[in-house]
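Contents: one structure, followed by commentary.
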Amino acid sequence: MTVNRKTDVSIIIPAHNAEPFITKCLQSIQQQSFHNFEVLVVENGSTDHTVESVLPFVSTDKRIRLLQNSDLGVSNARNLALQKAQSKFVTFVDADDYISNTHIQVLMDSVKDKEDDMGVTGFSYETEDGKILKVISVLNSKMSAEEAIRATYDLTGIQGIVSNKIFKKSIIDRYGIRFDPSISKYEDHKFVVAYLVHCQQVSCKSDITYHYIKHPESSLFTVKTSLIQDLDVFLSIRKMIVNHGFKDFKKYVNDPLQNIVLSHYWHPVDSHDKTEAAKRMVDRKFFSYNLLNMSIKNKLKYFFAFLSLGPYCIKRKFRNNDAS
């Protein structure tokens, strides 16, 4: 199938060692009810047969292109594709995920009004064998840019990920919006907010059309960063929001900090990282804020973590006594 003279949407897929998943991903894209798109698969330093898995699609479907990038990392791969994309809109799919056959149509429908600068759909977290773990969906609605920015921090909101969204290429190009290759976590959230600060309106669809597959090789489990590195990312995002004239809210740092601290306490990079998490957990301001604002699930996690802090608190007390 040939691409129309003006392609409506570019689907960007970074692919690093994606051999086990890329075929299902590309097949789901070929089965779309909407046809006028291009697919940019960016092979990114794979050591398996990712390229060999993609080539049959490239040879039989002129809409699918294979790019190879020497600069490693998902951000560099996506940035190369943004440079090469020739379309009105851009969306992103991870190589180990798949999409429902109406996904692109739903996204395109969400931005049919001129003032809609971003479209959002619902998505599900699934196991490799198809078991649905969690569904995230917002009501069919319109949001202002500020409402959308705040919703990216809401675990039941539009989320700070790129895969369930569609973006206007003209806005990306006008403001030089790119993924930050210097960070290895939360790069999606930073990109989404960098885009939203230039938006008028966001259109949300409740359809569950994106399927995020959790498996042991997911970046969610393999990317290791320290608590301080993660906090620095959200501080930089907060600064960007305020610098563009939006109101400052504590939630821009405090809400992600809840999950960051708990995550680094239970799964620290090293002993220093766990100590940093423990320090924040016993801080009075952090304790009082989170006791009031945490979800019930996180309150339980926090409670059990706090109970296990006994040895840390004893050591801290002894150090303070020695210092005095």
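Starting from 1 in every chain, residues are counted up; chains themselves are A, B, ... following the order of the structure tokens, and ligands are numbered from 1 as listed.
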
Using DSSP on the backbone, list every residue of segment 188-280 of chain A that comes out as strand (DSSP E), and give them as a PDB file with N, CA, C and O atoms, in the first residue's frame.
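Result file result_9.pdb:
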```
ATOM      1  N   GLN A 201      -5.403  23.249  23.719  1.00  0.00           N
ATOM      2  CA  GLN A 201      -6.424  22.316  24.203  1.00  0.00           C
ATOM      3  C   GLN A 201      -6.018  20.877  23.911  1.00  0.00           C
ATOM      4  O   GLN A 201      -5.336  20.587  22.927  1.00  0.00           O
ATOM      5  N   VAL A 202      -6.453  19.979  24.802  1.00  0.00           N
ATOM      6  CA  VAL A 202      -6.196  18.546  24.654  1.00  0.00           C
ATOM      7  C   VAL A 202      -7.525  17.818  24.593  1.00  0.00           C
ATOM      8  O   VAL A 202      -8.439  18.107  25.379  1.00  0.00           O
ATOM      9  N   SER A 203      -7.631  16.871  23.670  1.00  0.00           N
ATOM     10  CA  SER A 203      -8.863  16.109  23.489  1.00  0.00           C
ATOM     11  C   SER A 203      -8.635  14.661  23.917  1.00  0.00           C
ATOM     12  O   SER A 203      -7.697  14.004  23.445  1.00  0.00           O
ATOM     13  N   CYS A 204      -9.487  14.172  24.817  1.00  0.00           N
ATOM     14  CA  CYS A 204      -9.317  12.823  25.371  1.00  0.00           C
ATOM     15  C   CYS A 204     -10.422  11.882  24.893  1.00  0.00           C
ATOM     16  O   CYS A 204     -11.598  12.258  24.864  1.00  0.00           O
ATOM     17  N   LYS A 205     -10.050  10.675  24.544  1.00  0.00           N
ATOM     18  CA  LYS A 205     -10.985   9.624  24.177  1.00  0.00           C
ATOM     19  C   LYS A 205     -10.853   8.472  25.177  1.00  0.00           C
ATOM     20  O   LYS A 205      -9.748   8.102  25.556  1.00  0.00           O
ATOM     21  N   SER A 206     -11.969   7.897  25.562  1.00  0.00           N
ATOM     22  CA  SER A 206     -11.956   6.854  26.596  1.00  0.00           C
ATOM     23  C   SER A 206     -11.606   5.463  26.061  1.00  0.00           C
ATOM     24  O   SER A 206     -11.369   4.543  26.834  1.00  0.00           O
ATOM     25  N   ASP A 207     -11.567   5.307  24.728  1.00  0.00           N
ATOM     26  CA  ASP A 207     -11.289   4.004  24.122  1.00  0.00           C
ATOM     27  C   ASP A 207      -9.947   3.443  24.590  1.00  0.00           C
ATOM     28  O   ASP A 207      -8.945   4.164  24.615  1.00  0.00           O
ATOM     29  N   ILE A 208      -9.925   2.152  24.918  1.00  0.00           N
ATOM     30  CA  ILE A 208      -8.678   1.478  25.301  1.00  0.00           C
ATOM     31  C   ILE A 208      -8.068   0.886  24.042  1.00  0.00           C
ATOM     32  O   ILE A 208      -8.478  -0.180  23.568  1.00  0.00           O
ATOM     33  N   THR A 209      -7.077   1.573  23.466  1.00  0.00           N
ATOM     34  CA  THR A 209      -6.552   1.142  22.166  1.00  0.00           C
ATOM     35  C   THR A 209      -5.051   0.864  22.168  1.00  0.00           C
ATOM     36  O   THR A 209      -4.526   0.356  21.172  1.00  0.00           O
ATOM     37  N   TYR A 210      -4.364   1.209  23.240  1.00  0.00           N
ATOM     38  CA  TYR A 210      -2.925   0.935  23.319  1.00  0.00           C
ATOM     39  C   TYR A 210      -2.693  -0.132  24.384  1.00  0.00           C
ATOM     40  O   TYR A 210      -3.250  -0.052  25.475  1.00  0.00           O
ATOM     41  N   HIS A 211      -1.835  -1.096  24.054  1.00  0.00           N
ATOM     42  CA  HIS A 211      -1.607  -2.236  24.946  1.00  0.00           C
ATOM     43  C   HIS A 211      -0.125  -2.298  25.332  1.00  0.00           C
ATOM     44  O   HIS A 211       0.728  -2.664  24.520  1.00  0.00           O
ATOM     45  N   TYR A 212       0.145  -1.942  26.565  1.00  0.00           N
ATOM     46  CA  TYR A 212       1.502  -1.897  27.112  1.00  0.00           C
ATOM     47  C   TYR A 212       1.819  -3.248  27.747  1.00  0.00           C
ATOM     48  O   TYR A 212       1.136  -3.677  28.674  1.00  0.00           O
ATOM     49  N   ILE A 213       2.850  -3.918  27.230  1.00  0.00           N
ATOM     50  CA  ILE A 213       3.180  -5.263  27.695  1.00  0.00           C
ATOM     51  C   ILE A 213       4.307  -5.211  28.728  1.00  0.00           C
ATOM     52  O   ILE A 213       5.389  -4.689  28.457  1.00  0.00           O
ATOM     53  N   LYS A 214       4.034  -5.746  29.894  1.00  0.00           N
ATOM     54  CA  LYS A 214       5.044  -5.823  30.942  1.00  0.00           C
ATOM     55  C   LYS A 214       5.765  -7.166  30.847  1.00  0.00           C
ATOM     56  O   LYS A 214       5.135  -8.218  30.829  1.00  0.00           O
TER      57      LYS A 214
END
```

For Asp255 of chain A, the nearest of the candidates A:Arg150, A:Lys24, A:Lys239, A:Arg280, counting only C-alpha atoms: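 Closest to Asp255 of chain A, using only C-alpha atoms: A:Arg150.
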
Selection: 6 Å around segment 89-103 of chain A, only C-alpha atoms, excl. self and same-chain fewer than 6 positions, as a ChimeraX atom specification: /A:9-13,15,21-22,25,28,31-33,163,166-169,209-213

Let's have the selection written as a compact mmCIF listing (two decimals), in the first residue's frame, with N, CA, C and O atoms.
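What ended up in selection-v9.txt:
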```txt
# COMPACT_ATOMS: atom_id res chain seq x y z
N VAL A 9 0.02 10.85 9.53
CA VAL A 9 0.66 10.59 10.83
C VAL A 9 1.88 9.68 10.68
O VAL A 9 1.87 8.72 9.89
N SER A 10 2.92 10.01 11.41
CA SER A 10 4.11 9.16 11.49
C SER A 10 4.06 8.37 12.79
O SER A 10 3.86 8.95 13.87
N ILE A 11 4.24 7.07 12.68
CA ILE A 11 4.28 6.19 13.86
C ILE A 11 5.74 5.84 14.11
O ILE A 11 6.38 5.19 13.29
N ILE A 12 6.26 6.30 15.24
CA ILE A 12 7.69 6.15 15.54
C ILE A 12 7.90 4.99 16.52
O ILE A 12 7.28 4.94 17.59
N ILE A 13 8.78 4.06 16.12
CA ILE A 13 9.04 2.87 16.94
C ILE A 13 10.54 2.72 17.17
O ILE A 13 11.28 2.31 16.26
N ALA A 15 13.59 0.58 18.38
CA ALA A 15 13.68 -0.88 18.48
C ALA A 15 15.09 -1.30 18.87
O ALA A 15 16.02 -1.22 18.06
N PHE A 21 9.37 -9.34 19.84
CA PHE A 21 8.10 -8.60 19.93
C PHE A 21 7.75 -7.82 18.66
O PHE A 21 6.57 -7.55 18.42
N ILE A 22 8.73 -7.44 17.85
CA ILE A 22 8.51 -6.46 16.79
C ILE A 22 7.53 -6.94 15.73
O ILE A 22 6.79 -6.14 15.14
N CYS A 25 4.01 -6.30 16.93
CA CYS A 25 3.82 -4.86 16.94
C CYS A 25 3.50 -4.34 15.54
O CYS A 25 2.51 -3.62 15.34
N SER A 28 0.11 -5.43 14.12
CA SER A 28 -1.02 -4.67 14.68
C SER A 28 -1.15 -3.31 14.00
O SER A 28 -2.26 -2.80 13.83
N GLN A 31 -2.78 -3.66 10.54
CA GLN A 31 -4.20 -3.97 10.61
C GLN A 31 -5.06 -2.76 10.98
O GLN A 31 -6.25 -2.91 11.24
N GLN A 32 -4.49 -1.57 10.96
CA GLN A 32 -5.24 -0.37 11.32
C GLN A 32 -6.36 -0.07 10.32
O GLN A 32 -6.21 -0.24 9.11
N SER A 33 -7.46 0.43 10.87
CA SER A 33 -8.57 0.85 10.00
C SER A 33 -8.24 2.16 9.29
O SER A 33 -8.81 2.47 8.24
N SER A 163 3.02 7.17 24.48
CA SER A 163 2.45 6.12 23.62
C SER A 163 0.95 6.23 23.42
O SER A 163 0.43 5.71 22.42
N ILE A 166 -1.18 11.66 20.55
CA ILE A 166 -0.81 12.10 19.21
C ILE A 166 -0.45 13.58 19.30
O ILE A 166 -1.07 14.35 20.04
N PHE A 167 0.59 13.97 18.56
CA PHE A 167 1.15 15.32 18.65
C PHE A 167 1.17 15.97 17.26
O PHE A 167 1.39 15.30 16.26
N LYS A 168 0.99 17.29 17.23
CA LYS A 168 1.12 18.02 15.98
C LYS A 168 2.59 18.21 15.65
O LYS A 168 3.34 18.75 16.44
N LYS A 169 2.99 17.79 14.46
CA LYS A 169 4.38 17.93 14.05
C LYS A 169 4.78 19.41 13.96
O LYS A 169 5.93 19.77 14.23
N THR A 209 -7.08 1.57 23.47
CA THR A 209 -6.55 1.14 22.17
C THR A 209 -5.05 0.86 22.17
O THR A 209 -4.53 0.36 21.17
N TYR A 210 -4.36 1.21 23.24
CA TYR A 210 -2.92 0.93 23.32
C TYR A 210 -2.69 -0.13 24.38
O TYR A 210 -3.25 -0.05 25.48
N HIS A 211 -1.84 -1.10 24.05
CA HIS A 211 -1.61 -2.24 24.95
C HIS A 211 -0.12 -2.30 25.33
O HIS A 211 0.73 -2.66 24.52
N TYR A 212 0.14 -1.94 26.57
CA TYR A 212 1.50 -1.90 27.11
C TYR A 212 1.82 -3.25 27.75
O TYR A 212 1.14 -3.68 28.67
N ILE A 213 2.85 -3.92 27.23
CA ILE A 213 3.18 -5.26 27.69
C ILE A 213 4.31 -5.21 28.73
O ILE A 213 5.39 -4.69 28.46
```

Contacts of Leu72 of chain A within 9 Å, only C-alpha atoms, excl. fewer than 2 positions in-chain, as a VMD selection string: chain A and resid 16 44 to 45 69 to 70 74 to 77

Selected residues written out, N, CA, C and O atoms, as a compact mmCIF listing (two decimals), in the first residue's frame:
```
# COMPACT_ATOMS: atom_id res chain seq x y z
N HIS A 16 15.25 -1.75 20.11
CA HIS A 16 16.54 -2.26 20.59
C HIS A 16 16.33 -3.69 21.09
O HIS A 16 15.57 -3.92 22.02
N ASN A 44 18.33 0.40 17.06
CA ASN A 44 19.17 1.15 17.97
C ASN A 44 20.19 0.26 18.68
O ASN A 44 20.06 -0.05 19.85
N GLY A 45 21.19 -0.21 17.91
CA GLY A 45 22.27 -0.98 18.51
C GLY A 45 21.89 -2.38 18.94
O GLY A 45 22.44 -2.91 19.92
N ASN A 69 20.39 3.86 13.90
CA ASN A 69 20.95 4.97 14.66
C ASN A 69 22.17 4.51 15.46
O ASN A 69 22.09 3.54 16.20
N SER A 70 23.28 5.22 15.30
CA SER A 70 24.50 4.84 16.02
C SER A 70 24.52 5.38 17.45
O SER A 70 25.26 4.88 18.30
N VAL A 74 16.77 5.26 23.78
CA VAL A 74 15.45 5.45 23.20
C VAL A 74 15.22 6.91 22.79
O VAL A 74 14.57 7.20 21.79
N SER A 75 15.76 7.86 23.57
CA SER A 75 15.57 9.28 23.24
C SER A 75 16.26 9.64 21.94
O SER A 75 15.68 10.34 21.09
N ASN A 76 17.49 9.18 21.74
CA ASN A 76 18.20 9.44 20.49
C ASN A 76 17.48 8.81 19.30
O ASN A 76 17.41 9.40 18.21
N ALA A 77 16.94 7.61 19.50
CA ALA A 77 16.21 6.93 18.43
C ALA A 77 14.96 7.72 18.04
O ALA A 77 14.69 7.95 16.85
```
